[in-house]
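Dropping final.txt in here (compact mmCIF, C-alpha atoms and all ligand atoms):
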# COMPACT_ATOMS: atom_id res chain seq x y z
CA MET S 23 0.00 0.00 0.00
CA SER S 24 1.30 3.46 -0.74
CA PRO S 25 2.67 5.68 1.98
CA PHE S 26 -0.14 8.09 1.09
CA ARG S 27 -2.97 5.74 1.84
CA ARG S 28 -1.59 4.10 4.94
CA ILE S 29 -1.72 6.96 7.35
CA PRO S 30 -1.53 5.91 10.98
CA LEU S 31 -3.95 7.32 13.52
CA VAL S 32 -1.59 9.96 14.81
CA MET S 33 -1.13 11.28 11.30
CA THR S 34 -4.87 11.28 10.79
CA ALA S 35 -5.23 13.46 13.87
CA CYS S 36 -2.55 15.81 12.52
CA CYS S 37 -4.33 15.93 9.18
CA LEU S 38 -7.60 16.84 10.87
CA ALA S 39 -5.82 19.69 12.58
CA LEU S 40 -4.14 20.66 9.34
CA SER S 41 -7.39 20.64 7.43
CA LEU S 42 -8.11 23.91 9.21
CA HIS S 43 -4.93 25.32 7.71
CA PRO S 44 -5.45 27.69 4.75
CA LEU S 45 -3.10 25.65 2.51
CA ALA S 46 -5.11 22.47 3.14
CA ARG S 47 -8.28 24.39 2.35
CA GLU S 48 -6.72 25.55 -0.91
CA ALA S 49 -5.81 21.97 -1.86
CA LYS S 50 -9.40 20.88 -1.18
CA GLU S 51 -10.71 23.74 -3.28
CA ALA S 52 -8.34 22.69 -6.05
CA ASP S 53 -9.86 19.19 -6.00
CA ARG S 54 -13.43 20.39 -6.35
CA ASP S 55 -13.13 20.01 -10.10
CA VAL S 56 -12.37 16.27 -9.90
CA ILE S 57 -14.82 14.22 -11.94
CA TYR S 58 -16.43 11.44 -9.92
CA ASP S 59 -19.61 11.29 -11.90
CA GLU S 60 -19.78 9.24 -15.09
CA SER S 61 -22.16 11.74 -16.70
CA ARG S 62 -19.42 14.41 -16.53
CA VAL S 63 -16.84 12.34 -18.41
CA PRO S 64 -16.18 14.22 -21.65
CA ALA S 65 -16.73 12.63 -25.06
CA TYR S 66 -13.40 11.49 -26.48
CA ASP S 67 -11.81 9.64 -29.40
CA LEU S 68 -8.97 7.30 -28.59
CA PRO S 69 -5.94 7.34 -30.87
CA PRO S 70 -6.11 4.21 -33.01
CA LEU S 71 -3.92 1.29 -32.06
CA LEU S 72 -3.82 -0.34 -35.43
CA VAL S 73 -3.14 2.58 -37.76
CA MET S 74 0.44 3.62 -38.48
CA ASP S 75 1.43 7.22 -37.82
CA GLU S 76 1.48 7.78 -41.60
CA GLY S 77 -2.11 6.51 -41.87
CA SER S 78 -1.93 2.98 -43.27
CA PRO S 79 -3.67 0.16 -41.41
CA VAL S 80 -1.83 -2.44 -39.36
CA THR S 81 -3.19 -5.80 -40.41
CA THR S 82 -0.52 -8.37 -39.56
CA PRO S 83 1.37 -9.37 -36.41
CA GLU S 84 4.58 -8.63 -38.31
CA GLN S 85 3.53 -5.02 -38.99
CA TRP S 86 2.62 -4.61 -35.33
CA ARG S 87 5.91 -6.06 -34.16
CA THR S 88 8.26 -4.28 -36.51
CA ARG S 89 6.55 -0.95 -37.12
CA ARG S 90 3.54 0.01 -35.02
CA ARG S 91 4.79 -1.23 -31.65
CA PRO S 92 8.09 0.69 -31.97
CA GLU S 93 6.15 3.84 -32.99
CA ILE S 94 3.91 3.63 -29.93
CA PHE S 95 6.79 2.74 -27.63
CA SER S 96 8.72 5.76 -28.83
CA LEU S 97 5.74 8.08 -28.18
CA PHE S 98 5.45 6.82 -24.59
CA ALA S 99 9.18 7.04 -24.08
CA ASN S 100 9.52 10.58 -25.41
CA LEU S 101 6.27 12.13 -24.22
CA VAL S 102 5.06 10.26 -21.14
CA TYR S 103 7.60 8.29 -19.05
CA GLY S 104 10.83 9.62 -20.57
CA ARG S 105 13.52 7.71 -22.39
CA VAL S 106 16.58 6.34 -20.70
CA PRO S 107 19.55 8.11 -22.30
CA PRO S 108 22.81 6.29 -22.91
CA PRO S 109 24.99 6.62 -19.79
CA ALA S 110 27.74 9.23 -19.97
CA GLU S 111 30.20 6.44 -19.29
CA PRO S 112 29.61 2.72 -19.21
CA LEU S 113 28.12 1.58 -15.92
CA GLN S 114 29.94 -1.07 -14.00
CA THR S 115 27.38 -3.37 -12.51
CA ARG S 116 28.06 -5.87 -9.76
CA PHE S 117 25.75 -8.38 -8.12
CA ALA S 118 26.48 -9.87 -4.70
CA VAL S 119 24.37 -12.25 -2.64
CA LEU S 120 24.89 -10.73 0.81
CA ARG S 121 22.92 -13.16 2.92
CA THR S 122 20.93 -16.35 2.49
CA VAL S 123 18.43 -17.67 5.03
CA SER S 124 17.60 -21.18 3.98
CA GLY S 125 14.93 -21.94 6.58
CA PHE S 126 12.74 -18.88 6.11
CA LEU S 127 8.99 -19.00 6.84
CA ASP S 128 9.06 -22.13 8.99
CA GLY S 129 11.59 -23.75 6.73
CA MET S 130 9.50 -23.49 3.57
CA ALA S 131 11.41 -20.80 1.74
CA VAL S 132 14.88 -19.54 1.02
CA ARG S 133 15.39 -15.79 1.39
CA LYS S 134 18.28 -14.09 -0.34
CA GLU S 135 19.43 -10.51 -0.02
CA VAL S 136 21.12 -9.43 -3.19
CA ARG S 137 22.99 -6.18 -3.68
CA LEU S 138 23.10 -4.70 -7.18
CA GLU S 139 25.67 -1.96 -7.50
CA PHE S 140 25.99 0.55 -10.33
CA ARG S 141 29.03 2.72 -10.61
CA ASN S 142 30.95 5.02 -12.96
CA SER S 143 33.00 8.14 -12.40
CA ARG S 144 29.81 10.19 -11.91
CA GLY S 145 28.75 8.23 -8.81
CA ALA S 146 27.57 4.93 -7.38
CA LEU S 147 24.22 3.57 -6.21
CA ASP S 148 22.94 0.24 -4.99
CA MET S 149 19.69 -1.65 -4.89
CA LEU S 150 18.86 -4.30 -2.32
CA VAL S 151 16.72 -6.93 -4.01
CA LEU S 152 15.05 -9.70 -2.01
CA VAL S 153 14.54 -13.09 -3.63
CA PHE S 154 12.31 -15.70 -1.97
CA VAL S 155 12.08 -19.17 -3.49
CA PRO S 156 10.52 -22.45 -2.36
CA LYS S 157 13.04 -24.50 -0.43
CA HIS S 158 11.92 -27.74 -2.00
CA ALA S 159 11.56 -26.72 -5.66
CA ALA S 160 12.57 -29.29 -8.25
CA GLY S 161 14.25 -26.70 -10.46
CA PRO S 162 14.24 -22.98 -11.31
CA VAL S 163 10.85 -21.45 -10.48
CA PRO S 164 8.76 -18.73 -12.13
CA ALA S 165 8.49 -15.61 -10.01
CA ILE S 166 6.54 -12.45 -9.39
CA LEU S 167 8.74 -9.39 -9.15
CA VAL S 168 6.98 -6.67 -7.15
CA HIS S 169 7.92 -3.01 -7.18
CA SER S 170 7.67 -2.31 -3.46
CA PHE S 171 6.77 0.78 -1.47
CA ASP S 172 8.45 -0.79 1.55
CA ASP S 173 12.19 -0.68 1.94
CA THR S 174 13.67 -4.12 1.36
CA ARG S 175 15.94 -3.52 4.37
CA SER S 176 12.94 -3.04 6.68
CA PRO S 177 11.06 -5.54 8.89
CA ALA S 178 8.23 -5.43 6.31
CA PHE S 179 9.90 -8.44 4.71
CA GLN S 180 10.09 -10.57 7.85
CA PRO S 181 7.43 -13.17 8.71
CA HIS S 182 4.28 -11.70 10.20
CA PRO S 183 4.20 -12.50 13.92
CA ALA S 184 0.48 -13.32 14.00
CA ARG S 185 -0.46 -14.35 10.45
CA PRO S 186 1.24 -17.59 9.40
CA GLY S 187 2.53 -17.62 5.85
CA MET S 188 2.40 -13.82 5.57
CA LEU S 189 5.12 -11.24 5.50
CA ARG S 190 4.65 -8.28 7.82
CA ASN S 191 3.67 -6.12 4.85
CA GLY S 192 0.73 -8.45 4.14
CA TRP S 193 2.23 -10.19 1.10
CA PRO S 194 1.15 -13.87 1.18
CA LEU S 195 4.57 -15.41 0.67
CA GLY S 196 3.33 -18.81 1.90
CA ALA S 197 0.66 -18.93 -0.81
CA LEU S 198 3.21 -18.08 -3.49
CA ILE S 199 5.65 -20.70 -2.26
CA ARG S 200 2.93 -23.33 -2.03
CA ARG S 201 1.95 -22.65 -5.63
CA GLY S 202 5.57 -22.96 -6.71
CA PHE S 203 6.34 -19.29 -7.29
CA GLY S 204 9.32 -17.26 -6.26
CA LEU S 205 8.81 -13.69 -5.06
CA VAL S 206 11.19 -10.84 -5.75
CA ALA S 207 10.96 -7.44 -4.06
CA VAL S 208 12.55 -4.34 -5.55
CA TYR S 209 12.42 -1.12 -3.53
CA GLN S 210 11.17 1.94 -5.40
CA GLN S 211 13.42 4.42 -3.61
CA ASP S 212 16.77 2.70 -4.07
CA LEU S 213 17.56 4.68 -7.21
CA VAL S 214 15.31 7.76 -6.98
CA GLY S 215 13.22 9.50 -4.28
CA HIS S 216 9.46 9.02 -4.05
CA ASN S 217 8.75 12.59 -5.11
CA GLU S 218 12.19 13.43 -6.45
CA VAL S 219 12.75 16.97 -7.62
CA GLU S 220 16.53 17.33 -7.81
CA PHE S 221 17.90 14.32 -9.67
CA LEU S 222 21.41 15.08 -8.48
CA HIS S 223 22.03 12.00 -6.36
CA THR S 224 19.79 9.59 -8.24
CA ILE S 225 20.59 7.00 -10.88
CA HIS S 226 20.06 9.78 -13.44
CA ALA S 227 23.28 11.48 -12.32
CA LEU S 228 25.34 8.50 -13.53
CA PHE S 229 23.92 9.10 -17.00
CA TYR S 230 24.60 12.84 -17.28
CA PRO S 231 27.31 13.89 -19.72
CA PRO S 232 29.48 16.80 -18.47
CA GLY S 233 27.36 19.92 -18.19
CA GLN S 234 24.03 18.16 -17.63
CA SER S 235 22.48 18.25 -14.15
CA PHE S 236 18.80 17.57 -14.75
CA PRO S 237 16.84 15.22 -17.03
CA LYS S 238 15.95 16.72 -20.42
CA ALA S 239 12.27 17.15 -21.31
CA ASN S 240 12.09 13.74 -22.98
CA GLU S 241 14.25 11.91 -20.43
CA TRP S 242 13.22 9.62 -17.60
CA GLY S 243 11.73 10.85 -14.38
CA VAL S 244 10.83 8.86 -11.28
CA LEU S 245 8.72 6.08 -12.83
CA GLY S 246 11.29 5.59 -15.57
CA ALA S 247 13.99 5.04 -12.95
CA VAL S 248 11.84 2.58 -10.98
CA ALA S 249 11.21 0.61 -14.18
CA TRP S 250 14.92 0.63 -15.04
CA GLY S 251 15.66 -0.82 -11.58
CA GLY S 252 13.14 -3.62 -12.25
CA SER S 253 15.03 -4.51 -15.42
CA ARG S 254 18.34 -4.56 -13.58
CA ALA S 255 16.80 -6.92 -11.04
CA LEU S 256 15.81 -9.16 -13.95
CA ASP S 257 19.43 -9.02 -15.21
CA TYR S 258 20.38 -10.46 -11.85
CA LEU S 259 17.60 -13.07 -11.94
CA GLU S 260 18.95 -14.30 -15.29
CA GLN S 261 22.00 -15.41 -13.33
CA ASP S 262 20.17 -16.81 -10.31
CA PRO S 263 19.96 -20.60 -10.66
CA ASP S 264 16.80 -20.76 -8.50
CA ILE S 265 14.69 -18.56 -10.81
CA ASP S 266 13.50 -19.18 -14.35
CA ALA S 267 14.02 -15.64 -15.68
CA ARG S 268 11.88 -16.38 -18.75
CA ARG S 269 8.86 -16.69 -16.45
CA VAL S 270 8.98 -13.55 -14.33
CA ALA S 271 5.88 -11.37 -14.01
CA VAL S 272 6.18 -7.75 -12.91
CA MET S 273 3.56 -6.41 -10.49
CA GLY S 274 2.82 -3.23 -8.58
CA HIS S 275 0.10 -1.35 -6.78
CA SER S 276 -0.87 2.25 -7.44
CA LYS S 277 2.26 4.28 -8.26
CA MET S 278 4.09 0.96 -8.43
CA GLY S 279 1.36 -0.38 -10.76
CA LYS S 280 2.20 2.48 -13.14
CA ALA S 281 5.87 1.54 -12.83
CA ALA S 282 5.09 -2.16 -13.38
CA LEU S 283 3.27 -1.46 -16.63
CA TRP S 284 6.08 0.72 -17.92
CA THR S 285 8.62 -1.91 -16.86
CA ALA S 286 6.81 -4.58 -18.89
CA ALA S 287 6.36 -2.24 -21.86
CA SER S 288 10.02 -1.30 -21.96
CA ASP S 289 11.49 -4.69 -21.18
CA GLU S 290 10.00 -7.53 -23.16
CA ARG S 291 11.89 -10.12 -21.15
CA PHE S 292 9.16 -9.81 -18.50
CA ALA S 293 6.69 -12.60 -19.13
CA MET S 294 3.58 -10.90 -17.72
CA ALA S 295 2.34 -7.61 -16.26
CA ILE S 296 0.08 -7.21 -13.24
CA SER S 297 -1.42 -3.82 -12.45
CA VAL S 298 -3.24 -3.30 -9.16
CA GLN S 299 -5.25 -0.04 -9.08
CA SER S 300 -2.56 1.74 -11.08
CA GLY S 301 -4.98 4.51 -12.11
CA CYS S 302 -3.75 7.71 -13.70
CA ALA S 303 -0.53 7.14 -15.74
CA GLY S 304 -1.17 3.44 -15.19
CA ALA S 305 -4.05 1.51 -16.67
CA ALA S 306 -6.67 4.33 -16.65
CA LEU S 307 -7.46 6.25 -19.83
CA TRP S 308 -6.21 9.86 -19.77
CA ARG S 309 -9.02 11.15 -21.92
CA ARG S 310 -11.77 10.25 -19.45
CA ARG S 311 -10.32 12.72 -16.92
CA TYR S 312 -12.16 10.82 -14.19
CA GLY S 313 -10.55 10.93 -10.73
CA GLU S 314 -6.89 11.89 -10.90
CA THR S 315 -5.96 13.74 -14.09
CA LEU S 316 -2.66 14.48 -15.74
CA GLU S 317 -2.88 18.01 -14.35
CA LYS S 318 -3.37 16.76 -10.78
CA MET S 319 -0.52 14.34 -11.17
CA VAL S 320 2.04 16.75 -12.54
CA THR S 321 1.07 19.35 -9.96
CA ARG S 322 1.70 17.02 -7.02
CA PHE S 323 4.38 14.77 -8.45
CA PRO S 324 5.96 16.88 -11.19
CA TYR S 325 8.65 14.38 -12.15
CA TRP S 326 6.96 11.00 -11.96
CA LEU S 327 6.62 11.34 -15.74
CA CYS S 328 8.96 13.22 -18.06
CA ARG S 329 8.65 17.00 -18.47
CA ASN S 330 7.16 16.64 -21.94
CA ALA S 331 4.06 15.19 -20.29
CA TRP S 332 3.32 18.57 -18.64
CA LYS S 333 2.49 19.97 -22.06
CA PHE S 334 -0.63 17.81 -22.19
CA ALA S 335 -2.06 18.74 -18.78
CA GLY S 336 -5.66 19.79 -19.46
CA ARG S 337 -5.07 18.90 -23.12
CA GLU S 338 -5.31 15.11 -22.97
CA ASP S 339 -7.02 15.04 -26.38
CA ASP S 340 -3.78 16.29 -27.94
CA LEU S 341 -1.75 13.36 -26.61
CA PRO S 342 -0.93 11.04 -29.51
CA VAL S 343 -1.35 8.07 -27.15
CA ASP S 344 -3.72 6.91 -24.46
CA GLN S 345 -3.15 4.22 -21.88
CA HIS S 346 -4.82 1.38 -23.83
CA MET S 347 -1.73 1.71 -26.02
CA LEU S 348 0.55 1.19 -23.04
CA LEU S 349 -1.34 -1.99 -22.17
CA ALA S 350 -1.10 -3.09 -25.79
CA LEU S 351 2.70 -2.84 -25.54
CA VAL S 352 2.49 -5.77 -23.12
CA ALA S 353 0.89 -8.01 -25.81
CA PRO S 354 1.11 -10.86 -26.57
CA ARG S 355 2.27 -11.48 -23.00
CA PRO S 356 -0.46 -12.03 -20.42
CA LEU S 357 -1.78 -8.93 -18.69
CA TYR S 358 -3.84 -8.76 -15.50
CA VAL S 359 -5.55 -5.56 -14.40
CA CYS S 360 -7.26 -5.20 -10.99
CA SER S 361 -9.56 -2.40 -9.87
CA ALA S 362 -11.42 -1.61 -6.65
CA ALA S 363 -14.93 -0.20 -6.77
CA GLU S 364 -14.39 2.58 -4.23
CA ASP S 365 -11.01 3.62 -5.58
CA HIS S 366 -12.51 6.48 -7.59
CA TRP S 367 -9.23 8.44 -7.72
CA ALA S 368 -7.81 5.60 -9.87
CA ASP S 369 -10.86 5.49 -12.23
CA PRO S 370 -11.79 1.79 -12.13
CA ARG S 371 -13.94 2.04 -15.25
CA GLY S 372 -11.13 3.76 -17.15
CA GLU S 373 -8.79 0.95 -16.11
CA TYR S 374 -11.18 -1.64 -17.51
CA LEU S 375 -11.82 0.25 -20.74
CA SER S 376 -8.16 0.58 -21.41
CA ALA S 377 -7.67 -3.19 -20.98
CA TRP S 378 -10.68 -3.78 -23.22
CA HIS S 379 -9.33 -1.54 -26.00
CA ALA S 380 -5.85 -3.10 -25.77
CA GLY S 381 -7.66 -6.31 -26.79
CA GLU S 382 -7.47 -5.22 -30.42
CA VAL S 383 -3.75 -5.97 -30.41
CA TYR S 384 -4.10 -9.18 -28.41
CA ARG S 385 -6.62 -10.44 -30.97
CA LEU S 386 -4.35 -9.47 -33.88
CA LEU S 387 -1.61 -11.52 -32.23
CA GLY S 388 -3.90 -14.52 -31.81
CA ARG S 389 -4.48 -14.09 -28.08
CA ARG S 390 -7.71 -14.05 -26.08
CA ALA S 391 -8.71 -10.58 -24.96
CA LEU S 392 -11.49 -9.36 -22.64
CA PRO S 393 -14.94 -10.45 -23.81
CA SER S 394 -17.01 -7.28 -23.49
CA PRO S 395 -16.78 -3.49 -23.48
CA GLU S 396 -18.64 -3.58 -20.15
CA PRO S 397 -16.70 -4.53 -17.01
CA PRO S 398 -17.71 -7.72 -15.20
CA PRO S 399 -19.75 -7.47 -11.98
CA LEU S 400 -17.92 -6.99 -8.68
CA MET S 401 -16.04 -10.08 -7.46
CA GLU S 402 -16.41 -11.94 -10.77
CA PRO S 403 -12.86 -12.17 -12.05
CA ILE S 404 -12.02 -12.89 -15.68
CA LEU S 405 -9.19 -15.38 -15.40
CA ASP S 406 -9.38 -17.61 -18.46
CA ARG S 407 -7.87 -15.31 -21.10
CA ASP S 408 -4.61 -13.59 -21.95
CA VAL S 409 -6.02 -10.32 -20.65
CA GLY S 410 -7.56 -10.81 -17.21
CA TYR S 411 -9.42 -8.42 -14.96
CA HIS S 412 -11.32 -8.12 -11.73
CA ILE S 413 -13.02 -5.42 -9.79
CA ARG S 414 -13.64 -6.06 -6.12
CA LYS S 415 -15.53 -4.28 -3.39
CA GLY S 416 -13.60 -1.80 -1.31
CA GLY S 417 -10.86 0.72 -1.76
CA HIS S 418 -7.24 1.33 -2.58
CA SER S 419 -5.14 -1.59 -1.28
CA VAL S 420 -3.85 -5.01 -2.28
CA ASP S 421 -6.23 -7.38 -0.52
CA PRO S 422 -6.01 -11.16 -0.08
CA TYR S 423 -8.78 -11.35 -2.70
CA ASP S 424 -6.55 -9.54 -5.21
CA TRP S 425 -3.61 -11.84 -4.51
CA GLU S 426 -5.80 -14.91 -4.88
CA GLN S 427 -7.00 -13.90 -8.38
CA ILE S 428 -3.52 -12.77 -9.42
CA LEU S 429 -1.99 -16.08 -8.37
CA THR S 430 -4.68 -18.07 -10.18
CA PHE S 431 -4.15 -16.06 -13.37
CA ALA S 432 -0.36 -16.19 -13.09
CA SER S 433 -0.39 -19.95 -12.39
CA ARG S 434 -2.30 -20.56 -15.61
CA HIS S 435 0.26 -18.71 -17.67
CA LEU S 436 3.56 -19.19 -15.89
CA LYS S 437 2.85 -22.80 -14.96
CA PRO S 438 4.69 -23.24 -11.70
CA VAL S 439 5.06 -26.75 -10.35
CA THR S 440 3.18 -26.98 -7.06
CA VAL S 441 5.55 -27.48 -4.20
CA SER S 442 4.48 -30.11 -1.74
CA SER S 443 6.27 -29.50 1.46
CA PRO S 444 5.25 -30.47 4.92
CA GLY S 445 4.94 -27.86 7.58
CA LEU S 446 3.50 -24.82 5.83
CA PRO S 447 0.42 -23.87 7.82
CA GLU S 448 -2.85 -24.51 6.00
CA ASN S 449 -4.08 -20.99 6.53
CA SER S 450 -1.14 -19.60 4.59
CA ARG S 451 -2.83 -20.67 1.38
C1 LIG S 501 -1.36 9.34 -5.05
C2 LIG S 501 -1.26 9.58 -6.54
C3 LIG S 501 -1.67 8.34 -7.32
C4 LIG S 501 -0.91 7.14 -6.83
C5 LIG S 501 -1.10 7.00 -5.36
C6 LIG S 501 -0.35 5.82 -4.77
O1 LIG S 501 -2.71 9.19 -4.69
O2 LIG S 501 -2.08 10.67 -6.86
O3 LIG S 501 -1.41 8.54 -8.70
O4 LIG S 501 -1.35 6.02 -7.52
O5 LIG S 501 -0.66 8.17 -4.71
O6 LIG S 501 0.75 5.52 -5.22
O7 LIG S 501 -0.87 5.24 -3.82

Let me see whether you can do it: turn the structure in this file into structure tokens.
Amino acid sequence: MSPFRRIPLVMTACCLALSLHPLAREAKEADRDVIYDESRVPAYDLPPLLVMDEGSPVTTPEQWRTRRRPEIFSLFANLVYGRVPPPAEPLQTRFAVLRTVSGFLDGMAVRKEVRLEFRNSRGALDMLVLVFVPKHAAGPVPAILVHSFDDTRSPAFQPHPARPGMLRNGWPLGALIRRGFGLVAVYQQDLVGHNEVEFLHTIHALFYPPGQSFPKANEWGVLGAVAWGGSRALDYLEQDPDIDARRVAVMGHSKMGKAALWTAASDERFAMAISVQSGCAGAALWRRRYGETLEKMVTRFPYWLCRNAWKFAGREDDLPVDQHMLLALVAPRPLYVCSAAEDHWADPRGEYLSAWHAGEVYRLLGRRALPSPEPPPLMEPILDRDVGYHIRKGGHSVDPYDWEQILTFASRHLKPVTVSSPGLPENSR
């Protein structure tokens, strides 16, 4: 869950006090224009997925692969998330397994702490990636790599004291292990701050040529750096004998859901993408302007996207892409999108519609897309296709219900071998 949504009681009390503050009142005023009513969603035309920029139709998988996909990718890279420039000097990258606990979670799992270090003469940064695998796996396992809000050095990744099979952060590690999955956690702030504004001591600095001290308008911001870190973690996993790196899904919630989608779009080695309530700049369509809008996002988090994105705030219709095109960049790989009915800020309907429209590309590539332009009823997941979806009751969080559907969908596609090991408590399923 994001730091924004998980405010402890003390903070809530402070916020109540602060809500009397003139600045808080101003922020509330500024949100009065937010659309939470379907009848106020403006009419819009989505940019076509299957028409080349020069106007000719895309009719074959080959044309998609070699021409249209690169066009769309380049638009997202240059106008939305920012492209990763070539580093000023080659990066030296080192991986080191710092610590292995082989009897983790009542002896069911192995937990490894892996340091990834990047260095050149401009600076050095590290990531601490956690890798959990079943102790009794017959061979390399598929895994879910999660972009995490919690620091991988924190107790969040220790066993929950009262909930068997769970990590303290609520991730159901026992259920993953039992199904034969590995779990990989990558911390979002290892390479860039949550709401970074300086970019002087971030991974970006290692890429600046002499004279540059800030990303250019079409260069990566925060989400771009988080996605890059996910790819570097996959570089490591390619060398880890316990993981089958060809079967790694990337997942994230909220801001991390946005990052997960961009990770899968920019790195086709990821076998699947899982978006949990990723909302604005994630699965939701920009043009609906429901809930959070581009303008709201760039006002609060100016550098999550690249600076070019600012130019479209309030002018979403001028964007040459919309987010169904981001989801289509995941095709033909399986894609799972989750929404929550009360998470209006993330525009659940916009998330579904985007996944529905991305279906055009899945169908062109011979895959099974969502069946209807209307979302399914609450708590009726669509799990039997290459694009899956559910909307559950409740608000902005990753609930056990979400995990259960995600693991069912991922099991169908990534085909883990169920691990039968004695000792894992039943209720960790
Ligand atoms: C804020 C932000 C959202 C983001 C969310 C989160 O609410 O506006 O875009 O998804 O934080 O990461 O929880």

Worksheet item: Using only C-alpha atoms and all ligand atoms, which of the listed residues (S:Pro108, S:Gly202, S:Gly304, S:Gly187) sits closest to ligand LIG 501 (chain S)?
Response: S:Gly304

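Put simply, CA of Ala368 in chain S is 13.3 Å away from CA of Asp59 in chain S.
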
Fill in: Spatial sel., origin (14.3, -8.9, 6.3), limit 10 Å, only C-alpha atoms, listed as a list in words
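It turns out the residues near that spot are Val123, Arg133, Lys134, Glu135, Leu152, Asp173, Thr174, Arg175, Ser176, Pro177, Ala178, Phe179, Gln180, Pro181, Leu189 and Arg190 of chain S.
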
Item to complete: Taking (1.5, -11.5, -24.3) in the file's own coordinates, collect the residues within 9 Å, counting all atoms listed in the file, and hand them back as a VMD selection string.
Response: chain S and resid 293 to 295 350 to 357 384 387 389 408 to 409

Worksheet item: Smallest atom-to-atom distance to Gly274 in chain S: which of S:Ile225, S:Gly77, S:Trp425, S:Gly336, using all atoms listed in the file?
Response: S:Trp425

Discussion item. I'd like to know which of S:Pro70, S:Leu349, S:Lys333, S:Val383 is closest to Glu84 in chain S, using all atoms listed in the file.
Written reply: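 Between S:Pro70, S:Leu349, S:Lys333, S:Val383, the residue approaching Glu84 in chain S most closely is S:Val383.
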
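Within the 9 Å cut-off around Val136 in chain S, using only C-alpha atoms and omitting residues fewer than 2 positions from it on the same chain, the listed residues are Phe117, Ala118, Val119, Leu120, Arg121, Thr122, Lys134, Leu138, Met149, Leu150, Val151, Leu152, Val153 and Tyr258 of chain S.
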
Worksheet item: Of the candidates S:Leu283, S:Cys360, S:Leu341, S:Ala184, which shows the shortest atom-to-atom distance to Pro403 in chain S, using only C-alpha atoms?
Response: S:Cys360

Worksheet item: Can you list, as JSON, numbers by chain, every protein, DNA or RNA residue that comes within 12 Å of Asp264 in chain S when you count only C-alpha atoms, leaving out same-chain residues fewer than 5 positions away?
Response: {"S": [131, 132, 133, 134, 153, 154, 155, 156, 157, 158, 159, 160, 161, 162, 163, 164, 165, 202, 203, 204, 205, 206, 258, 259, 269]}

Would you compute the box with edges along x, y and z of the file around ligand LIG 501 (chain S), including every atom the file lists for it and 3 Å extra on each side, and give its centre and edge lengths in Å to one decimal, as JSON?
{"center_x": -1.0, "center_y": 8.0, "center_z": -6.3, "size_x": 9.5, "size_y": 11.4, "size_z": 10.9}

Discussion item. Taking 4 positions as the minimum chain separation for residues in the same chain, which residues sit within 12 Å of Phe323 in chain S when counting all atoms listed in the file? Answer as an NGL selection string.
Written reply: :S and (215-219 or 243-245 or 277 or 302-303 or 314-319 or 327-329 or 331-332)

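For the choices S:Thr440, S:Asn330, S:Thr321, S:Gln345, the atom-to-atom distance to ligand LIG 501 (chain S) is smallest for S:Thr321 when using all atoms listed in the file.
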
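Closest to Arg116 in chain S among S:Ile57, S:Leu213, S:Leu147, S:Val439 is S:Leu147, based on all atoms listed in the file.
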